[in-house]
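> Provided herewith is a single structure, encoded as structure tokens, for subsequent inquiry.
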Amino acid sequence: DDVFRKSIILTATYEARKYGIYTTMLVKDAIKLCPNVVIREPDYQLYSYYSKKFFDYLRTITNKIEPMSIDEGYLDVTDVCKNVSAIELAQRIQKTLLDEFRLPCSIGIAPNKFLAKMASDMKKPLGITILRKREVEQKLWPLPINNMMGVGKKTAPRLESIGIKTIGDVAKFKNIELLKKTV
């Protein structure tokens, strides 16, 4: 079908990902990997509706929000956590989003946005991960370089070509000029 020849996957469920289906893959290639895959047309009005609910709820927690996409954002809860622990707050946010809006989410708790994003990606779906600076070497460095936020399908092979296979490899890499030229 001509529509499938040029259409791409906008998002893939965890079940679909097990078959190797990923965001930006051509629909026709996804069907080859899993002939029983269910393809749905995007419903931007529905996404926008739930995005508004999502961010409206988060604004009841704090107004220090930096949206990153229609369904993702960073919250600075430093002031909020004077009265409640970060983990208790994360559990409450996760439970409310799921119970009231049927929106499952994973949450990363960390001292900066990069580490929070890396933490949120560690346990999906419905995970809550705390990542402290002192744990970075132990928890992040062993991960493959393509797990690092900002390293995509094109950058990972370039980094691997200069011997960078893990996040730890890039953290310890000494030749900054070569690194700049490579990425």
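Chain labels run A, B, ... following the order of the structure tokens; each chain numbers its residues from 1, and ligands are numbered from 1 in the order shown.
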Got a sec to tell me which of region 5-178 of chain A DSSP assigns to strand (DSSP E), as a PDB file with N, CA and C atoms, in the first residue's frame?

```pdb
ATOM      1  N   ILE A  65       8.409  24.108  35.832  1.00  0.00           N
ATOM      2  CA  ILE A  65       8.310  23.007  34.873  1.00  0.00           C
ATOM      3  C   ILE A  65       8.948  23.431  33.564  1.00  0.00           C
ATOM      4  N   GLU A  66       9.736  22.527  32.991  1.00  0.00           N
ATOM      5  CA  GLU A  66      10.298  22.741  31.668  1.00  0.00           C
ATOM      6  C   GLU A  66       9.804  21.603  30.769  1.00  0.00           C
ATOM      7  N   PRO A  67       8.745  21.878  29.979  1.00  0.00           N
ATOM      8  CA  PRO A  67       8.258  20.833  29.074  1.00  0.00           C
ATOM      9  C   PRO A  67       9.324  20.486  28.029  1.00  0.00           C
ATOM     10  N   MET A  68       9.460  19.190  27.733  1.00  0.00           N
ATOM     11  CA  MET A  68      10.434  18.748  26.726  1.00  0.00           C
ATOM     12  C   MET A  68       9.735  18.232  25.475  1.00  0.00           C
ATOM     13  N   SER A  69       8.510  17.781  25.624  1.00  0.00           N
ATOM     14  CA  SER A  69       7.728  17.302  24.492  1.00  0.00           C
ATOM     15  C   SER A  69       6.275  17.291  24.938  1.00  0.00           C
ATOM     16  N   GLU A  72       6.452  14.897  28.151  1.00  0.00           N
ATOM     17  CA  GLU A  72       7.666  14.782  28.958  1.00  0.00           C
ATOM     18  C   GLU A  72       8.086  16.163  29.433  1.00  0.00           C
ATOM     19  N   GLY A  73       8.557  16.217  30.672  1.00  0.00           N
ATOM     20  CA  GLY A  73       9.019  17.484  31.190  1.00  0.00           C
ATOM     21  C   GLY A  73       9.885  17.308  32.429  1.00  0.00           C
ATOM     22  N   TYR A  74      10.598  18.367  32.736  1.00  0.00           N
ATOM     23  CA  TYR A  74      11.437  18.402  33.940  1.00  0.00           C
ATOM     24  C   TYR A  74      10.749  19.268  34.977  1.00  0.00           C
ATOM     25  N   LEU A  75      10.717  18.765  36.202  1.00  0.00           N
ATOM     26  CA  LEU A  75      10.161  19.529  37.318  1.00  0.00           C
ATOM     27  C   LEU A  75      11.267  19.807  38.312  1.00  0.00           C
ATOM     28  N   ILE A 107       9.642   7.964  36.116  1.00  0.00           N
ATOM     29  CA  ILE A 107      10.181   9.179  36.731  1.00  0.00           C
ATOM     30  C   ILE A 107      11.636   8.958  37.112  1.00  0.00           C
ATOM     31  N   GLY A 108      12.460   9.942  36.773  1.00  0.00           N
ATOM     32  CA  GLY A 108      13.847   9.947  37.193  1.00  0.00           C
ATOM     33  C   GLY A 108      14.069  11.061  38.191  1.00  0.00           C
ATOM     34  N   ILE A 109      14.710  10.741  39.290  1.00  0.00           N
ATOM     35  CA  ILE A 109      15.016  11.731  40.330  1.00  0.00           C
ATOM     36  C   ILE A 109      16.530  11.884  40.370  1.00  0.00           C
ATOM     37  N   ILE A 128      10.407   4.248  38.875  1.00  0.00           N
ATOM     38  CA  ILE A 128      10.912   5.433  39.576  1.00  0.00           C
ATOM     39  C   ILE A 128      12.356   5.113  39.912  1.00  0.00           C
ATOM     40  N   THR A 129      13.279   5.917  39.398  1.00  0.00           N
ATOM     41  CA  THR A 129      14.700   5.668  39.611  1.00  0.00           C
ATOM     42  C   THR A 129      15.359   6.907  40.192  1.00  0.00           C
ATOM     43  N   ILE A 130      16.111   6.706  41.246  1.00  0.00           N
ATOM     44  CA  ILE A 130      16.910   7.786  41.839  1.00  0.00           C
ATOM     45  C   ILE A 130      18.343   7.592  41.358  1.00  0.00           C
TER      46      ILE A 130
END
```
> What is the CA of Glu177 (chain A)-CA of Ile145 (chain A) distance in Å, reported with one decimal?
18.6 Å
> Which residues are close to Cys105 (chain A), i.e. within 7 Å by only C-alpha atoms, leaving aside same-chain residues fewer than 2 positions away? Reply as a list of chain:residue names.
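My list of contacting residues is A:Gln94, A:Leu103, A:Ile107, A:Pro125, A:Leu126.
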> Could you tell me which of A:Lys52, A:Arg40, A:Lys82, A:Lys117 comes closest to Leu131 (chain A) if we count only C-alpha atoms?
A:Lys117
> Apply DSSP to the backbone of this structure and, from chain A, keep only the residues in alpha helix (DSSP H); write these as number ranges by chain.
A: 2-6, 14-17, 27-33, 44-61, 86-101, 113-122, 136-139, 155-161, 167-172, 176-182
> Rounded to one decimal place, report the CA of Tyr50 (chain A)-CA of Ile8 (chain A) distance in Å.
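If I compute the distance from CA of Tyr50 (chain A) to CA of Ile8 (chain A), I get 22.3 Å.
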> To one decimal in Å, tell me the separation between CA of Met118 (chain A) and CA of Met149 (chain A).
6.6 Å
